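See below for protein14.csv, which holds CSV, C-alpha atoms.
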chain,number,residue,atom,x,y,z
A,166,MET,CA,-24.1,-28.0,-16.0
A,167,LYS,CA,-21.5,-28.5,-13.4
A,168,VAL,CA,-18.3,-26.6,-13.5
A,169,LEU,CA,-15.0,-27.5,-12.1
A,170,ASN,CA,-12.5,-24.6,-12.1
A,171,ILE,CA,-9.0,-25.9,-11.8
A,172,ILE,CA,-6.7,-23.2,-10.6
A,173,GLU,CA,-3.0,-23.9,-10.7
A,174,SER,CA,-1.3,-20.7,-11.7
A,175,ALA,CA,-0.6,-18.6,-8.7
A,176,TYR,CA,0.3,-14.9,-8.0
A,177,ARG,CA,0.2,-14.0,-11.6
A,178,ALA,CA,-0.1,-10.2,-11.4
A,179,THR,CA,-2.3,-10.5,-8.3
A,180,THR,CA,-0.8,-7.4,-6.8
A,181,GLU,CA,-1.5,-5.4,-10.0
A,182,GLU,CA,-5.0,-6.8,-10.3
A,183,GLN,CA,-5.6,-6.6,-6.5
A,184,ASP,CA,-7.2,-10.0,-6.9
A,185,ASP,CA,-6.5,-13.4,-8.4
A,186,THR,CA,-8.6,-12.9,-11.5
A,187,ILE,CA,-9.6,-16.6,-11.7
A,188,VAL,CA,-10.7,-16.8,-8.1
A,189,TRP,CA,-12.6,-13.5,-8.8
A,190,LEU,CA,-14.2,-15.1,-11.8
A,191,SER,CA,-15.3,-18.0,-9.7
A,192,HIS,CA,-17.1,-15.7,-7.4
A,193,THR,CA,-18.7,-13.9,-10.3
A,194,LEU,CA,-19.8,-17.1,-12.0
A,195,LYS,CA,-21.2,-18.5,-8.8
A,196,ALA,CA,-23.2,-15.3,-8.3
A,197,ALA,CA,-24.5,-15.7,-11.9
A,198,GLY,CA,-25.9,-19.1,-10.8
A,199,ALA,CA,-23.1,-21.5,-11.8
A,200,ASP,CA,-22.8,-24.9,-10.0
A,201,LEU,CA,-19.2,-24.5,-9.4
A,202,GLY,CA,-16.4,-26.3,-7.7
A,203,VAL,CA,-12.8,-25.1,-7.4
A,204,LEU,CA,-9.7,-27.3,-7.3
A,205,LEU,CA,-6.5,-25.6,-6.2
A,206,ARG,CA,-3.5,-27.5,-7.5
A,207,GLY,CA,0.1,-26.7,-8.2
A,208,ASN,CA,1.3,-23.5,-6.8
A,209,ALA,CA,-2.2,-22.3,-6.2
A,210,VAL,CA,-2.5,-24.5,-3.2
A,211,ASN,CA,-0.6,-21.7,-1.5
A,212,TYR,CA,-3.8,-19.6,-1.8
A,213,ALA,CA,-5.2,-21.5,1.2
A,214,VAL,CA,-2.3,-20.5,3.4
A,215,ARG,CA,-2.9,-18.3,6.5
A,216,GLY,CA,-0.7,-15.3,7.0
A,217,GLN,CA,-0.4,-14.0,3.4
A,218,ASP,CA,0.1,-10.3,3.5
A,219,ALA,CA,0.6,-8.3,0.3
A,220,ALA,CA,-0.1,-5.0,2.0
A,221,GLY,CA,2.2,-1.9,1.8
A,222,LEU,CA,3.1,-1.5,-1.8
A,223,ALA,CA,3.9,2.0,-2.7
A,224,PHE,CA,5.4,3.6,-5.8
A,225,GLY,CA,6.5,7.2,-5.3
A,226,ALA,CA,3.5,8.9,-3.8
A,227,TRP,CA,1.0,6.2,-4.9
A,228,ARG,CA,-0.1,3.8,-2.2
A,229,GLN,CA,-2.0,0.6,-2.7
A,230,THR,CA,-5.0,0.6,-0.4
A,231,GLN,CA,-6.6,-2.6,-1.5
A,232,PRO,CA,-4.0,-5.4,-1.7
A,233,PRO,CA,-5.1,-8.8,-2.7
A,234,ARG,CA,-6.4,-11.0,0.2
A,235,LEU,CA,-6.3,-14.3,-1.5
A,236,ALA,CA,-6.9,-16.6,1.5
A,237,ASN,CA,-10.0,-14.6,2.4
A,238,ASP,CA,-11.2,-14.8,-1.2
A,239,ILE,CA,-10.8,-18.6,-1.1
A,240,ALA,CA,-12.6,-18.9,2.2
A,241,ALA,CA,-15.4,-16.7,1.0
A,242,LEU,CA,-16.1,-18.8,-2.1
A,243,PRO,CA,-19.7,-20.0,-1.5
A,244,THR,CA,-18.8,-23.3,-3.1
A,245,LYS,CA,-16.8,-26.4,-2.5
A,246,VAL,CA,-13.1,-25.8,-2.6
A,247,PHE,CA,-10.9,-28.9,-3.1
A,248,ARG,CA,-7.4,-28.2,-2.2
A,249,SER,CA,-5.0,-30.5,-3.9
A,250,MET,CA,-3.6,-32.7,-1.2
A,251,CYS,CA,0.1,-33.2,-0.9
A,252,CYS,CA,1.4,-35.5,1.8
A,253,PRO,CA,3.8,-33.6,4.1
A,254,LYS,CA,6.4,-36.3,3.6
A,255,THR,CA,6.7,-35.7,-0.1
A,256,SER,CA,5.2,-32.3,0.1
A,257,ARG,CA,6.3,-29.7,-2.3
A,258,ASN,CA,4.5,-27.2,-0.2
A,259,ALA,CA,4.7,-27.3,3.5
A,260,ALA,CA,1.8,-24.9,3.4
A,261,SER,CA,-0.5,-27.9,3.8
A,262,LYS,CA,-0.1,-27.4,7.6
A,263,GLN,CA,-1.1,-23.8,7.4
A,264,ALA,CA,-4.3,-24.2,5.5
A,265,ILE,CA,-7.2,-22.1,6.4
A,266,SER,CA,-10.3,-23.8,7.5
A,267,SER,CA,-13.6,-22.5,6.1
A,268,PRO,CA,-17.0,-23.9,6.1
A,269,GLY,CA,-17.0,-24.3,2.4
A,270,SER,CA,-13.7,-26.0,2.1
A,271,SER,CA,-13.9,-29.7,2.5
A,272,ALA,CA,-10.2,-30.1,1.6
A,273,SER,CA,-9.3,-27.9,4.5
A,274,ARG,CA,-11.2,-30.2,6.9
A,275,ALA,CA,-9.1,-33.0,5.6
A,276,THR,CA,-5.9,-31.2,6.1
A,277,ALA,CA,-6.7,-30.8,9.8
A,278,SER,CA,-5.4,-34.3,10.3
A,279,PRO,CA,-2.3,-34.7,8.1
A,280,ALA,CA,-1.2,-37.7,10.1
A,281,SER,CA,-4.0,-39.6,8.3
A,282,SER,CA,-2.4,-38.9,5.0
A,283,PRO,CA,-1.1,-41.9,3.2
A,284,PRO,CA,2.6,-41.4,2.4
A,285,THR,CA,2.4,-41.3,-1.3
A,286,THR,CA,-0.8,-39.7,-2.3
A,287,ARG,CA,-0.5,-36.6,-4.2
A,288,PHE,CA,-3.0,-34.9,-6.4
A,289,GLY,CA,-2.2,-33.1,-9.6
A,290,THR,CA,1.2,-34.5,-10.2
A,291,GLY,CA,1.7,-33.8,-13.8
A,292,ASN,CA,-1.7,-34.8,-15.0
A,293,PRO,CA,-4.3,-32.6,-13.5
A,294,LEU,CA,-6.9,-35.4,-13.8
A,295,PRO,CA,-5.7,-38.1,-11.4
A,296,LEU,CA,-8.1,-40.8,-12.3
A,297,ALA,CA,-6.0,-43.5,-10.6
A,298,GLY,CA,-8.3,-43.2,-7.7
A,299,THR,CA,-5.7,-43.6,-5.0
A,300,ALA,CA,-7.1,-43.5,-1.5
A,301,SER,CA,-6.3,-40.2,-0.1
A,302,PRO,CA,-6.8,-38.0,3.0
A,303,ALA,CA,-9.3,-36.1,1.0
A,304,SER,CA,-11.0,-39.2,-0.5
A,305,ALA,CA,-14.4,-37.7,0.0
A,306,ASP,CA,-13.2,-34.7,-1.9
A,307,PHE,CA,-11.7,-36.9,-4.6
A,308,ARG,CA,-15.0,-38.7,-5.2
A,309,ALA,CA,-16.7,-35.4,-5.4
A,310,TYR,CA,-14.1,-34.2,-7.8
A,311,ARG,CA,-14.5,-37.2,-10.0
A,312,SER,CA,-18.2,-36.8,-9.8
A,313,ALA,CA,-17.9,-33.2,-11.1
A,314,LEU,CA,-15.6,-34.4,-13.9
A,315,THR,CA,-18.0,-37.1,-15.1
A,316,SER,CA,-20.7,-34.5,-15.6
A,317,SER,CA,-20.3,-32.1,-18.5
A,318,THR,CA,-17.8,-29.6,-17.3
A,319,VAL,CA,-16.2,-26.5,-18.3
A,320,PHE,CA,-12.6,-25.9,-17.3
A,321,CYS,CA,-11.6,-22.4,-16.7
A,322,GLY,CA,-7.9,-22.7,-16.3
A,323,SER,CA,-5.6,-19.8,-15.7
A,324,GLY,CA,-2.7,-19.3,-18.0
A,325,ARG,CA,0.9,-18.8,-17.3
B,763,MET,CA,26.0,11.5,0.2
B,764,ALA,CA,25.7,8.3,-1.7
B,765,GLU,CA,26.9,8.5,-5.3
B,766,LYS,CA,24.1,8.8,-7.8
B,767,LYS,CA,24.0,6.0,-10.4
B,768,THR,CA,22.5,5.5,-13.8
B,769,LEU,CA,20.6,2.3,-14.3
B,770,THR,CA,18.8,1.0,-17.3
B,771,PHE,CA,15.9,-1.5,-17.3
B,772,ALA,CA,14.4,-3.2,-20.3
B,773,LEU,CA,10.9,-4.5,-19.7
B,774,MET,CA,8.7,-6.6,-21.9
B,775,ASP,CA,5.6,-7.7,-20.1
B,776,ALA,CA,2.2,-6.1,-20.6
B,777,PRO,CA,0.4,-4.8,-17.6
B,778,TYR,CA,-1.8,-7.2,-15.5
B,779,GLU,CA,-0.1,-10.3,-16.9
B,780,SER,CA,2.9,-11.2,-14.8
B,781,GLY,CA,4.4,-10.7,-11.4
B,782,ARG,CA,7.5,-9.5,-13.2
B,783,THR,CA,5.9,-6.2,-13.8
B,784,THR,CA,5.3,-5.5,-10.1
B,785,THR,CA,8.9,-6.5,-9.3
B,786,ALA,CA,10.2,-4.3,-12.1
B,787,LEU,CA,8.2,-1.3,-10.9
B,788,ARG,CA,9.4,-1.9,-7.3
B,789,LEU,CA,13.0,-1.9,-8.5
B,790,ILE,CA,12.5,1.4,-10.4
B,791,ASP,CA,10.8,2.9,-7.4
B,792,ILE,CA,13.8,2.1,-5.2
B,793,ALA,CA,16.2,3.6,-7.8
B,794,ALA,CA,13.9,6.7,-8.1
B,795,ARG,CA,13.8,7.2,-4.4
B,796,ARG,CA,17.6,7.2,-4.4
B,797,GLY,CA,17.6,9.9,-7.0
B,798,TYR,CA,19.3,7.8,-9.6
B,799,ALA,CA,19.1,8.5,-13.3
B,800,VAL,CA,16.8,5.6,-14.4
B,801,ASN,CA,16.2,4.6,-18.0
B,802,VAL,CA,13.4,2.3,-19.0
B,803,PHE,CA,13.1,0.8,-22.4
B,804,ALA,CA,9.7,-0.7,-22.8
B,805,TYR,CA,9.5,-3.4,-25.4
B,806,GLU,CA,6.6,-5.4,-26.7
B,807,GLY,CA,3.7,-5.5,-24.2
B,808,ALA,CA,5.5,-3.2,-21.8
B,809,VAL,CA,4.6,-0.2,-24.0
B,810,LEU,CA,1.1,-0.5,-22.5
B,811,LEU,CA,2.3,0.2,-19.0
B,812,PRO,CA,2.0,4.0,-19.5
B,813,PHE,CA,-1.0,3.8,-21.8
B,814,SER,CA,-3.0,6.9,-20.9
B,815,ARG,CA,-6.4,5.4,-21.6
B,816,GLN,CA,-6.3,2.9,-18.7
B,817,GLN,CA,-9.4,3.4,-16.5
B,818,PRO,CA,-10.2,2.2,-13.0
B,819,HIS,CA,-13.2,0.1,-12.2
B,820,PRO,CA,-15.3,-1.0,-9.2
B,821,ASN,CA,-15.1,-4.4,-7.7
B,822,ALA,CA,-18.5,-5.9,-7.2
B,823,VAL,CA,-17.1,-9.2,-5.7
B,824,HIS,CA,-15.7,-7.2,-2.9
B,825,GLY,CA,-18.5,-4.6,-2.8
B,826,ARG,CA,-16.2,-1.7,-3.6
B,827,ASP,CA,-16.9,1.2,-5.8
B,828,VAL,CA,-14.3,2.8,-8.0
B,829,ALA,CA,-13.0,5.1,-5.3
B,830,GLU,CA,-12.9,2.3,-2.7
B,831,GLU,CA,-11.2,-0.2,-5.1
B,832,ASN,CA,-8.5,2.4,-6.0
B,833,HIS,CA,-7.4,0.0,-8.6
B,834,LEU,CA,-3.7,0.0,-9.4
B,835,LEU,CA,-3.3,1.6,-12.8
B,836,THR,CA,0.2,1.1,-14.2
B,837,LYS,CA,0.0,4.5,-16.0
B,838,GLU,CA,-0.4,6.1,-12.5
B,839,VAL,CA,2.5,4.2,-11.2
B,840,VAL,CA,4.7,5.2,-14.1
B,841,ALA,CA,3.6,8.8,-13.6
B,842,ALA,CA,4.4,8.6,-9.8
B,843,LEU,CA,7.8,7.2,-10.5
B,844,ILE,CA,8.6,10.0,-12.9
B,845,VAL,CA,7.7,12.5,-10.2
B,846,GLU,CA,9.6,10.6,-7.5
B,847,ALA,CA,12.8,10.4,-9.5
B,848,ALA,CA,12.7,14.1,-10.2
B,849,ARG,CA,11.8,14.9,-6.6
B,850,ASN,CA,15.0,13.2,-5.4
B,851,GLY,CA,17.3,14.8,-7.9
B,852,GLY,CA,17.2,12.1,-10.5
B,853,LYS,CA,15.3,11.3,-13.6
B,854,LEU,CA,13.1,8.6,-15.1
B,855,ASP,CA,13.5,8.5,-18.9
B,856,TRP,CA,10.8,6.1,-20.1
B,857,VAL,CA,11.1,5.1,-23.8
B,858,ASN,CA,8.4,3.1,-25.6
B,859,CYS,CA,9.6,1.0,-28.5
B,860,GLY,CA,7.9,2.7,-31.5
B,861,LEU,CA,7.1,-0.4,-33.6
B,862,CYS,CA,5.7,-2.2,-30.5
B,863,VAL,CA,3.5,0.9,-29.9
B,864,ASP,CA,2.3,0.9,-33.5
B,865,GLU,CA,1.3,-2.8,-33.7
B,866,ARG,CA,-0.5,-2.5,-30.4
B,867,GLY,CA,-2.2,0.8,-31.0
B,868,ALA,CA,-0.6,2.1,-27.8
B,869,GLY,CA,0.3,5.5,-29.1
B,870,GLU,CA,-1.5,7.4,-26.3
B,871,ALA,CA,0.9,7.4,-23.4
B,872,ILE,CA,1.1,9.7,-20.4
B,873,ASP,CA,3.3,12.8,-20.3
B,874,GLY,CA,6.9,12.1,-19.7
B,875,VAL,CA,7.0,9.0,-21.9
B,876,ARG,CA,8.7,9.2,-25.3
B,877,ARG,CA,8.8,7.1,-28.4
B,878,GLY,CA,12.0,5.5,-29.4
B,879,ALA,CA,13.7,2.5,-30.9
B,880,PRO,CA,16.0,-0.3,-29.9
B,881,ALA,CA,19.0,1.9,-30.7
B,882,ASP,CA,17.8,4.1,-27.8
B,883,PHE,CA,18.1,1.1,-25.5
B,884,TRP,CA,21.6,0.5,-26.7
B,885,LYS,CA,22.6,4.1,-26.1
B,886,MET,CA,21.0,4.0,-22.6
B,887,ALA,CA,22.8,0.8,-21.7
B,888,GLU,CA,26.1,2.1,-22.9
B,889,ALA,CA,25.7,5.2,-20.8
B,890,SER,CA,24.6,3.4,-17.7
B,891,ASP,CA,26.4,1.9,-14.7
B,892,ASN,CA,24.4,-1.2,-15.2
B,893,THR,CA,21.5,-2.6,-17.1
B,894,LEU,CA,18.9,-5.2,-16.1
B,895,VAL,CA,16.8,-6.9,-18.8
B,896,ILE,CA,13.6,-8.5,-17.5
B,897,GLY,CA,12.5,-10.7,-20.3
B,898,THR,CA,9.1,-12.2,-20.8
B,899,ARG,CA,8.3,-15.9,-21.1
C,995,MET,CA,37.0,-11.7,-8.9
C,996,ALA,CA,33.8,-10.5,-10.5
C,997,SER,CA,30.4,-10.0,-8.8
C,998,TYR,CA,27.3,-11.8,-10.1
C,999,LEU,CA,23.7,-11.3,-9.3
C,1000,LEU,CA,21.2,-14.0,-10.4
C,1001,ILE,CA,17.6,-13.0,-9.9
C,1002,GLU,CA,15.5,-16.2,-9.7
C,1003,SER,CA,11.8,-15.6,-10.3
C,1004,ARG,CA,10.8,-19.1,-11.2
C,1005,ASP,CA,9.8,-21.8,-8.7
C,1006,PRO,CA,11.3,-25.3,-8.9
C,1007,PHE,CA,7.8,-26.9,-9.0
C,1008,GLU,CA,6.8,-25.4,-12.3
C,1009,SER,CA,10.1,-24.8,-13.9
C,1010,ALA,CA,12.8,-27.4,-14.3
C,1011,ASP,CA,15.0,-24.6,-15.5
C,1012,VAL,CA,15.7,-23.4,-12.0
C,1013,ALA,CA,18.5,-25.9,-12.1
C,1014,PHE,CA,20.2,-23.7,-14.7
C,1015,CYS,CA,20.4,-20.8,-12.3
C,1016,HIS,CA,21.7,-23.1,-9.5
C,1017,ASP,CA,24.3,-24.7,-11.7
C,1018,LEU,CA,25.5,-21.4,-13.0
C,1019,ALA,CA,25.7,-19.9,-9.5
C,1020,ARG,CA,27.6,-22.8,-8.1
C,1021,ARG,CA,30.1,-22.9,-10.9
C,1022,LEU,CA,30.7,-19.1,-10.7
C,1023,ALA,CA,31.2,-19.4,-6.9
C,1024,VAL,CA,33.6,-22.3,-7.2
C,1025,ALA,CA,35.5,-20.2,-9.7
C,1026,GLY,CA,36.1,-17.7,-7.0
C,1027,ASN,CA,33.5,-15.1,-7.9
C,1028,ARG,CA,31.1,-13.3,-5.6
C,1029,VAL,CA,27.7,-14.7,-6.4
C,1030,THR,CA,24.3,-13.8,-5.1
C,1031,VAL,CA,21.1,-15.6,-6.0
C,1032,PHE,CA,18.2,-13.3,-5.2
C,1033,VAL,CA,14.9,-15.2,-5.1
C,1034,VAL,CA,11.7,-13.3,-5.9
C,1035,GLN,CA,8.0,-13.9,-6.8
C,1036,ASN,CA,7.1,-17.5,-6.9
C,1037,GLY,CA,10.7,-18.5,-6.7
C,1038,VAL,CA,10.3,-18.1,-2.9
C,1039,LEU,CA,7.9,-21.1,-2.9
C,1040,GLY,CA,11.1,-23.1,-3.1
C,1041,VAL,CA,12.8,-21.6,-0.1
C,1042,ARG,CA,10.1,-22.4,2.5
C,1043,ALA,CA,11.3,-24.8,5.1
C,1044,GLY,CA,9.7,-28.2,4.6
C,1045,ALA,CA,9.2,-27.8,0.9
C,1046,ARG,CA,10.8,-30.4,-1.3
C,1047,SER,CA,14.5,-29.7,-1.4
C,1048,SER,CA,15.1,-27.2,-4.1
C,1049,GLY,CA,18.9,-27.0,-3.8
C,1050,TYR,CA,19.2,-23.6,-2.1
C,1051,ALA,CA,20.9,-25.1,1.0
C,1052,GLU,CA,23.4,-26.8,-1.2
C,1053,LEU,CA,24.0,-23.5,-3.0
C,1054,ALA,CA,24.6,-21.7,0.3
C,1055,ARG,CA,27.1,-24.4,1.3
C,1056,ALA,CA,28.9,-23.8,-2.0
C,1057,GLY,CA,29.5,-20.2,-1.0
C,1058,VAL,CA,26.6,-18.6,-2.9
C,1059,GLU,CA,24.8,-15.9,-1.0
C,1060,VAL,CA,21.1,-16.9,-1.2
C,1061,LEU,CA,18.6,-14.2,-0.5
C,1062,ALA,CA,14.8,-14.1,-0.7
C,1063,ASP,CA,12.7,-11.0,-1.3
C,1064,ASP,CA,10.9,-10.3,1.9
C,1065,PHE,CA,7.8,-8.9,0.2
C,1066,SER,CA,7.5,-12.1,-1.9
C,1067,LEU,CA,7.8,-14.2,1.3
C,1068,ARG,CA,5.2,-12.1,3.1
C,1069,GLU,CA,2.9,-12.1,0.1
C,1070,ARG,CA,2.8,-15.9,0.2
C,1071,GLY,CA,2.6,-16.3,3.9
C,1072,ILE,CA,6.1,-17.7,4.3
C,1073,ALA,CA,7.5,-16.8,7.6
C,1074,ALA,CA,11.0,-15.2,7.4
C,1075,ASP,CA,12.3,-17.5,10.2
C,1076,LYS,CA,11.0,-20.6,8.5
C,1077,LEU,CA,13.2,-20.8,5.4
C,1078,GLN,CA,15.5,-23.5,4.2
C,1079,PRO,CA,19.0,-23.4,5.7
C,1080,GLY,CA,21.3,-20.9,4.1
C,1081,VAL,CA,18.5,-18.6,2.8
C,1082,THR,CA,18.2,-15.2,4.2
C,1083,PRO,CA,15.3,-12.8,3.8
C,1084,SER,CA,16.2,-9.5,2.2
C,1085,PRO,CA,14.6,-6.3,1.0
C,1086,LEU,CA,14.6,-5.8,-2.8
C,1087,ASP,CA,16.8,-2.8,-2.3
C,1088,LEU,CA,19.7,-5.2,-2.3
C,1089,VAL,CA,19.2,-5.8,-6.0
C,1090,ILE,CA,19.6,-2.1,-6.7
C,1091,ASP,CA,22.7,-2.0,-4.4
C,1092,ARG,CA,24.3,-4.8,-6.4
C,1093,LEU,CA,23.4,-3.2,-9.7
C,1094,ALA,CA,24.8,0.1,-8.6
C,1095,GLU,CA,28.0,-1.7,-7.6
C,1096,GLY,CA,28.3,-3.1,-11.1
C,1097,ALA,CA,27.4,-6.7,-10.5
C,1098,LYS,CA,26.8,-8.7,-13.7
C,1099,ALA,CA,23.0,-9.4,-13.4
C,1100,ILE,CA,20.8,-12.0,-15.0
C,1101,TRP,CA,17.1,-12.1,-14.5
C,1102,HIS,CA,15.8,-15.7,-14.7

Show me, as structure tokens, the structure contained in the file I just sent.
Amino acid sequence: MKVLNIIESAYRATTEEQDDTIVWLSHTLKAAGADLGVLLRGNAVNYAVRGQDAAGLAFGAWRQTQPPRLANDIAALPTKVFRSMCCPKTSRNAASKQAISSPGSSASRATASPASSPPTTRFGTGNPLPLAGTASPASADFRAYRSALTSSTVFCGSGR
Amino acid sequence: MAEKKTLTFALMDAPYESGRTTTALRLIDIAARRGYAVNVFAYEGAVLLPFSRQQPHPNAVHGRDVAEENHLLTKEVVAALIVEAARNGGKLDWVNCGLCVDERGAGEAIDGVRRGAPADFWKMAEASDNTLVIGTR
Amino acid sequence: MASYLLIESRDPFESADVAFCHDLARRLAVAGNRVTVFVVQNGVLGVRAGARSSGYAELARAGVEVLADDFSLRERGIAADKLQPGVTPSPLDLVIDRLAEGAKAIWH
């Protein structure tokens, strides 16, 4: 059974949990043997941005010593990570230019050349299952994404 | 010396569910460091913030044991804020809404937290320089 | 002249209701009040330079003070010097300052 984990809710209590619990769950399911892919869409595309720093929280004498390190957690996913591509022109998130690159992230390789992005392609607008098949900078990823969807899949979405 | 103020906060979110909780605790921390008189009325899920039976856990994904993970427990944050306010000449009066406590079975709270009712929130707000309600969604 | 503090925690990509906060802030400012919009949490995703216009620059031009929580910015990897025009990073302390001064505050 293939699994596609679509993560769209971002920074929902990540400082309290010291993790994103759904990224964490992806790691755990993978370790349990799941054939897992992860699609970051919506605000969760920001998880791939370099330079995130949640360190330094303190409440009275209590100091947080293990802040969330979300970009590292994404990079460390031993699986394919598809980052929802947004063309910089219509981008709702200029973070596309700051994406991390990691061996496991095919979307990140695609973002290395944003100039190749068609002007109107955007994953995940409204419907998280963009079956229109628009050619995209991450077209290889899109085919893989669709392939995952046509298998039996389990969606582990995060809530609000 | 800056004038000491009295502020009231109403919270609704349960722990580990929303970024609002972290921001609320950060605000209370700032007020506590200033030695303000801080009132918190915890409503609905927020009554679990000082729940005494919270326990830390290890983090196998990151290879950290319990001590290394040092998981944030909201009960410890609340306790630290109570101490901090007092240390700076102020006070943190944390009131859990009683009915919310009952329906959630959240009766075991840390020392320094008291049970109350919405009328307490009204009294707090009336006696404060300002009140901020952080509602849930 | 009254002082208003609108704390915007929602981002304009997932919540169309951010427009409510903007509209209120603008109207209050036009009416001659002192208005601050303090953006926190995912709200700061809308203040990053290059993001689809979320109206904060227009708010600043209308006389609203638009501030963004510096921790929320850093947490999301948004450089403090790469914000939309008119938006200034600020420590969260400012919210307590304004509350202490008696500003009418709304959390959104």

With only C-alpha atoms considered, list every residue of chain A at most 12 Å from chain B, as a PDB file with C-alpha atoms, keeping the file's coordinate frame.
ATOM      1  CA  SER A 174      -1.300 -20.700 -11.700  1.00  0.00           C
ATOM      2  CA  ALA A 175      -0.600 -18.600  -8.700  1.00  0.00           C
ATOM      3  CA  TYR A 176       0.300 -14.900  -8.000  1.00  0.00           C
ATOM      4  CA  ARG A 177       0.200 -14.000 -11.600  1.00  0.00           C
ATOM      5  CA  ALA A 178      -0.100 -10.200 -11.400  1.00  0.00           C
ATOM      6  CA  THR A 179      -2.300 -10.500  -8.300  1.00  0.00           C
ATOM      7  CA  THR A 180      -0.800  -7.400  -6.800  1.00  0.00           C
ATOM      8  CA  GLU A 181      -1.500  -5.400 -10.000  1.00  0.00           C
ATOM      9  CA  GLU A 182      -5.000  -6.800 -10.300  1.00  0.00           C
ATOM     10  CA  GLN A 183      -5.600  -6.600  -6.500  1.00  0.00           C
ATOM     11  CA  ASP A 184      -7.200 -10.000  -6.900  1.00  0.00           C
ATOM     12  CA  ASP A 185      -6.500 -13.400  -8.400  1.00  0.00           C
ATOM     13  CA  THR A 186      -8.600 -12.900 -11.500  1.00  0.00           C
ATOM     14  CA  VAL A 188     -10.700 -16.800  -8.100  1.00  0.00           C
ATOM     15  CA  TRP A 189     -12.600 -13.500  -8.800  1.00  0.00           C
ATOM     16  CA  LEU A 190     -14.200 -15.100 -11.800  1.00  0.00           C
ATOM     17  CA  SER A 191     -15.300 -18.000  -9.700  1.00  0.00           C
ATOM     18  CA  HIS A 192     -17.100 -15.700  -7.400  1.00  0.00           C
ATOM     19  CA  THR A 193     -18.700 -13.900 -10.300  1.00  0.00           C
ATOM     20  CA  LEU A 194     -19.800 -17.100 -12.000  1.00  0.00           C
ATOM     21  CA  LYS A 195     -21.200 -18.500  -8.800  1.00  0.00           C
ATOM     22  CA  ALA A 196     -23.200 -15.300  -8.300  1.00  0.00           C
ATOM     23  CA  ALA A 197     -24.500 -15.700 -11.900  1.00  0.00           C
ATOM     24  CA  ALA A 219       0.600  -8.300   0.300  1.00  0.00           C
ATOM     25  CA  GLY A 221       2.200  -1.900   1.800  1.00  0.00           C
ATOM     26  CA  LEU A 222       3.100  -1.500  -1.800  1.00  0.00           C
ATOM     27  CA  ALA A 223       3.900   2.000  -2.700  1.00  0.00           C
ATOM     28  CA  PHE A 224       5.400   3.600  -5.800  1.00  0.00           C
ATOM     29  CA  GLY A 225       6.500   7.200  -5.300  1.00  0.00           C
ATOM     30  CA  ALA A 226       3.500   8.900  -3.800  1.00  0.00           C
ATOM     31  CA  TRP A 227       1.000   6.200  -4.900  1.00  0.00           C
ATOM     32  CA  ARG A 228      -0.100   3.800  -2.200  1.00  0.00           C
ATOM     33  CA  GLN A 229      -2.000   0.600  -2.700  1.00  0.00           C
ATOM     34  CA  THR A 230      -5.000   0.600  -0.400  1.00  0.00           C
ATOM     35  CA  GLN A 231      -6.600  -2.600  -1.500  1.00  0.00           C
ATOM     36  CA  PRO A 232      -4.000  -5.400  -1.700  1.00  0.00           C
ATOM     37  CA  PRO A 233      -5.100  -8.800  -2.700  1.00  0.00           C
ATOM     38  CA  ARG A 234      -6.400 -11.000   0.200  1.00  0.00           C
ATOM     39  CA  LEU A 235      -6.300 -14.300  -1.500  1.00  0.00           C
ATOM     40  CA  ASN A 237     -10.000 -14.600   2.400  1.00  0.00           C
ATOM     41  CA  ASP A 238     -11.200 -14.800  -1.200  1.00  0.00           C
ATOM     42  CA  ALA A 241     -15.400 -16.700   1.000  1.00  0.00           C
ATOM     43  CA  LEU A 242     -16.100 -18.800  -2.100  1.00  0.00           C
ATOM     44  CA  PRO A 243     -19.700 -20.000  -1.500  1.00  0.00           C
ATOM     45  CA  SER A 323      -5.600 -19.800 -15.700  1.00  0.00           C
ATOM     46  CA  GLY A 324      -2.700 -19.300 -18.000  1.00  0.00           C
ATOM     47  CA  ARG A 325       0.900 -18.800 -17.300  1.00  0.00           C
TER      48      ARG A 325
END

Within 6 Å of Leu773 (chain B), counting only C-alpha atoms, which residues qualify if same-chain residues fewer than 6 places away don't, as a PDB file with C-alpha atoms, keeping the file's coordinate frame?
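New file result.pdb:
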ATOM      1  CA  ALA B 804       9.700  -0.700 -22.800  1.00  0.00           C
ATOM      2  CA  TYR B 805       9.500  -3.400 -25.400  1.00  0.00           C
ATOM      3  CA  ALA B 808       5.500  -3.200 -21.800  1.00  0.00           C
ATOM      4  CA  ILE B 896      13.600  -8.500 -17.500  1.00  0.00           C
TER       5      ILE B 896
END

Practice task
Skip Phe883 (chain B) itself and residues of its chain fewer than 5 positions away, then list as an NGL selection string all residues within 10 Å of it, counting all atoms listed in the file.
Solution key: :B and (770-772 or 801-805 or 857-859 or 878 or 888-889 or 893)

Practice task
With a distance cut-off of 7 Å and all atoms listed in the file, select the neighbouring residues of Asp200 (chain A), excluding the residue or stretch itself and same-chain residues fewer than 4 positions from it, and output the selection as number ranges by chain.
Solution key: A: 166-168, 195

Hey, which bits of chain C sit within 6 Å of chain B, and for each residue what's the closest pair of atoms and how far apart in Å (one decimal), counting all atoms listed in the file, rows by chain and increasing number, as a Markdown table?
| residue | atom | partner | partner_atom | distance |
| --- | --- | --- | --- | --- |
| C:Leu1093 | CA | B:Asn892 | CA | 5.9 |
| C:Gly1096 | CA | B:Asn892 | CA | 6.0 |
| C:Trp1101 | CA | B:Ile896 | CA | 5.8 |

Exercise for the section: Take the point (31.3, -15.5, -2.9) in the file's coordinates, draw a sphere of radius 9 Å around it, and report as a ChimeraX atom specification every protein, DNA or RNA residue with an atom inside or on it, counting only C-alpha atoms. Expected result: /C:997,1022-1024,1026-1030,1056-1059
